[in-house]
Amino acid sequence: MGMFEIRPFVREQAAELEKLQVLCEEEMGWDPPPEYLEEWIKTVIGLHRQDSNLTKVASVEGRIVGYCLSVKKLHNYEGVVMDVTWKSAYVWDLFVRKECRNRGIGTALLKDAFEYLKSVGADKVGLLVNYGNENAKTLFEKLGFRLWSHFLVKRL
Ligand SMILES: CC(C)(COP(=O)(O)OP(=O)(O)OC[C@H]1O[C@@H](n2cnc3c(N)ncnc32)[C@H](O)[C@@H]1OP(=O)(O)O)[C@@H](O)C(=O)NCCC(=O)NCCS
């Protein structure tokens with residue numbers, strides 16, 4: 001595998017990025033319906049239009065191998081209202097193709113996002129990681145993330 005580079009996503013990559021998102025969801029054990037994907041890519045394009053630094057892709061020889069999507073302010077992300085003085089950003093999605101893992105791409109995508117989010121005034125960054133996703137958890141802990149809260153769900 002050649003060297004990777006990290007660049008802002010461009011609109012022409014929408015279909016390619018959507019395919020990667022399908023791989024990501026499938027790996028999490030979910031077959032995403034078309035309406036989900038439509039909504040997902042609309043959100044990505046919206047974020048990109050707002051600030052292209054929030055939608056970064058990692059590529060190798062012109063092919064997308066990973067992406068990181070973030071938001072500058074957790075409290076006004078998609079209508080979530082929290083303490084507006086809380087300067088926390090949020091990493092919304094992070095994925096690297098299986099065959100390209102353990103080469104530092106995920107770390108590079110995250111560090112790129114942190115640097116930018118810090119430069120625009122964020123003093124913390126949050127993310128959600130599933131129970132059982134030990135790989136990702138280890139990586140996040142190595143990068144300084146600590147458990148902040150438990151997200152509880154009850155089946156109805
Ligand atoms: C989580 C994920 C993005 C990590 O991507 P990645 O590109 O493999 O990440 P890195 O290569 O930077 O780091 C992975 C491991 O490789 C190690 N590593 C980093 N650079 C390396 C290099 N140059 N050579 C060898 N190992 C390296 C890291 O130390 C890390 O080890 P650790 O997990 O024991 O701490 C990827 O596994 C993934 O897409 N998983 C599925 C989706 C997912 O779980 N997303 C996050 C949920 S919020």
# chains A, B, ... in the order shown; residues from 1 in each chain; ligands from 1
$ closest_atom_pairs --of "chain A" --to "ligand 1" --cutoff "8 Å" --atoms "only C-alpha atoms and all ligand atoms" --output "JSON lines"
{"residue": "A:Cys24", "atom": "CA", "partner": "ligand 1", "partner_atom_place_in_ligand_line": "42 (C)", "distance": 5.8}
{"residue": "A:Glu27", "atom": "CA", "partner": "ligand 1", "partner_atom_place_in_ligand_line": "41 (C)", "distance": 7.0}
{"residue": "A:Met28", "atom": "CA", "partner": "ligand 1", "partner_atom_place_in_ligand_line": "42 (C)", "distance": 7.6}
{"residue": "A:Gly66", "atom": "CA", "partner": "ligand 1", "partner_atom_place_in_ligand_line": "39 (O)", "distance": 7.3}
{"residue": "A:Val91", "atom": "CA", "partner": "ligand 1", "partner_atom_place_in_ligand_line": "48 (S)", "distance": 7.9}
{"residue": "A:Trp92", "atom": "CA", "partner": "ligand 1", "partner_atom_place_in_ligand_line": "48 (S)", "distance": 7.5}
{"residue": "A:Asp93", "atom": "CA", "partner": "ligand 1", "partner_atom_place_in_ligand_line": "48 (S)", "distance": 6.1}
{"residue": "A:Leu94", "atom": "CA", "partner": "ligand 1", "partner_atom_place_in_ligand_line": "45 (N)", "distance": 4.8}
{"residue": "A:Phe95", "atom": "CA", "partner": "ligand 1", "partner_atom_place_in_ligand_line": "39 (O)", "distance": 3.4}
{"residue": "A:Val96", "atom": "CA", "partner": "ligand 1", "partner_atom_place_in_ligand_line": "39 (O)", "distance": 3.8}
{"residue": "A:Arg97", "atom": "CA", "partner": "ligand 1", "partner_atom_place_in_ligand_line": "39 (O)", "distance": 6.1}
{"residue": "A:Lys98", "atom": "CA", "partner": "ligand 1", "partner_atom_place_in_ligand_line": "39 (O)", "distance": 6.8}
{"residue": "A:Cys100", "atom": "CA", "partner": "ligand 1", "partner_atom_place_in_ligand_line": "7 (O)", "distance": 6.4}
{"residue": "A:Arg101", "atom": "CA", "partner": "ligand 1", "partner_atom_place_in_ligand_line": "8 (O)", "distance": 3.3}
{"residue": "A:Asn102", "atom": "CA", "partner": "ligand 1", "partner_atom_place_in_ligand_line": "11 (O)", "distance": 3.2}
{"residue": "A:Arg103", "atom": "CA", "partner": "ligand 1", "partner_atom_place_in_ligand_line": "22 (C)", "distance": 3.9}
{"residue": "A:Gly104", "atom": "CA", "partner": "ligand 1", "partner_atom_place_in_ligand_line": "12 (O)", "distance": 3.3}
{"residue": "A:Ile105", "atom": "CA", "partner": "ligand 1", "partner_atom_place_in_ligand_line": "7 (O)", "distance": 3.9}
{"residue": "A:Gly106", "atom": "CA", "partner": "ligand 1", "partner_atom_place_in_ligand_line": "7 (O)", "distance": 3.5}
{"residue": "A:Thr107", "atom": "CA", "partner": "ligand 1", "partner_atom_place_in_ligand_line": "12 (O)", "distance": 3.6}
{"residue": "A:Ala108", "atom": "CA", "partner": "ligand 1", "partner_atom_place_in_ligand_line": "12 (O)", "distance": 6.4}
{"residue": "A:Leu127", "atom": "CA", "partner": "ligand 1", "partner_atom_place_in_ligand_line": "48 (S)", "distance": 6.4}
{"residue": "A:Leu128", "atom": "CA", "partner": "ligand 1", "partner_atom_place_in_ligand_line": "48 (S)", "distance": 5.4}
{"residue": "A:Val129", "atom": "CA", "partner": "ligand 1", "partner_atom_place_in_ligand_line": "48 (S)", "distance": 4.5}
{"residue": "A:Asn130", "atom": "CA", "partner": "ligand 1", "partner_atom_place_in_ligand_line": "47 (C)", "distance": 7.0}
{"residue": "A:Asn133", "atom": "CA", "partner": "ligand 1", "partner_atom_place_in_ligand_line": "44 (O)", "distance": 6.2}
{"residue": "A:Asn135", "atom": "CA", "partner": "ligand 1", "partner_atom_place_in_ligand_line": "33 (O)", "distance": 4.9}
{"residue": "A:Ala136", "atom": "CA", "partner": "ligand 1", "partner_atom_place_in_ligand_line": "1 (C)", "distance": 4.2}
{"residue": "A:Lys137", "atom": "CA", "partner": "ligand 1", "partner_atom_place_in_ligand_line": "33 (O)", "distance": 7.5}
{"residue": "A:Thr138", "atom": "CA", "partner": "ligand 1", "partner_atom_place_in_ligand_line": "33 (O)", "distance": 5.0}
{"residue": "A:Leu139", "atom": "CA", "partner": "ligand 1", "partner_atom_place_in_ligand_line": "35 (O)", "distance": 3.8}
{"residue": "A:Phe140", "atom": "CA", "partner": "ligand 1", "partner_atom_place_in_ligand_line": "35 (O)", "distance": 7.5}
{"residue": "A:Glu141", "atom": "CA", "partner": "ligand 1", "partner_atom_place_in_ligand_line": "35 (O)", "distance": 7.8}
{"residue": "A:Lys142", "atom": "CA", "partner": "ligand 1", "partner_atom_place_in_ligand_line": "35 (O)", "distance": 5.9}
$ closest_residue --among "A:Val65, A:Val57, A:Leu74, A:Val125" --to "A:Glu99" --atoms "only C-alpha atoms"
A:Val65
$ atom_distance --atom1 "atom CA of A:Asp31" --atom2 "atom CA of A:Gly62"
26.8 Å
$ residues_around --residues "stretch 4-12 of chain A" --least-positions-apart "5" --cutoff "7 Å" --atoms "only C-alpha atoms" --output "list in words"
Ser52, Asn53, Thr55, Lys56, Val57, Ala58, Ser59 and Val60 of chain A
$ select_by_dssp --residues "chain A" --states "strand (DSSP E or B)" --output "number ranges by chain"
A: 4-8, 55-60, 63-71, 88-96, 124-126
$ closest_residue --among "A:Leu69, A:Met3, A:Leu47, A:Ile64" --to "A:Leu17" --atoms "only C-alpha atoms"
A:Ile64
$ residues_around --residues "A:Glu18" --least-positions-apart "5" --cutoff "10 Å" --atoms "only C-alpha atoms" --output "list in words"
Gln13, Leu23, Cys24, Leu37, Glu38, Trp40, Ile41 and Val44 of chain A
$ atom_distance --atom1 "atom CA of A:Glu134" --atom2 "atom CA of A:Trp86"
28.3 Å
$ atom_distance --atom1 "atom CA of A:Val71" --atom2 "atom CA of A:Ala15"
21.5 Å
$ closest_residue --among "A:Lys111, A:Ser70, A:Val153, A:Trp148" --to "A:Thr43" --atoms "only C-alpha atoms"
A:Ser70
$ closest_residue --among "A:His75, A:Tyr90, A:Tyr36, A:His150" --to "A:Leu110" --atoms "only C-alpha atoms"
A:Tyr90
$ closest_residue --among "A:Lys72, A:Lys154, A:Arg63, A:His48" --to "A:Glu16" --atoms "only C-alpha atoms"
A:Arg63
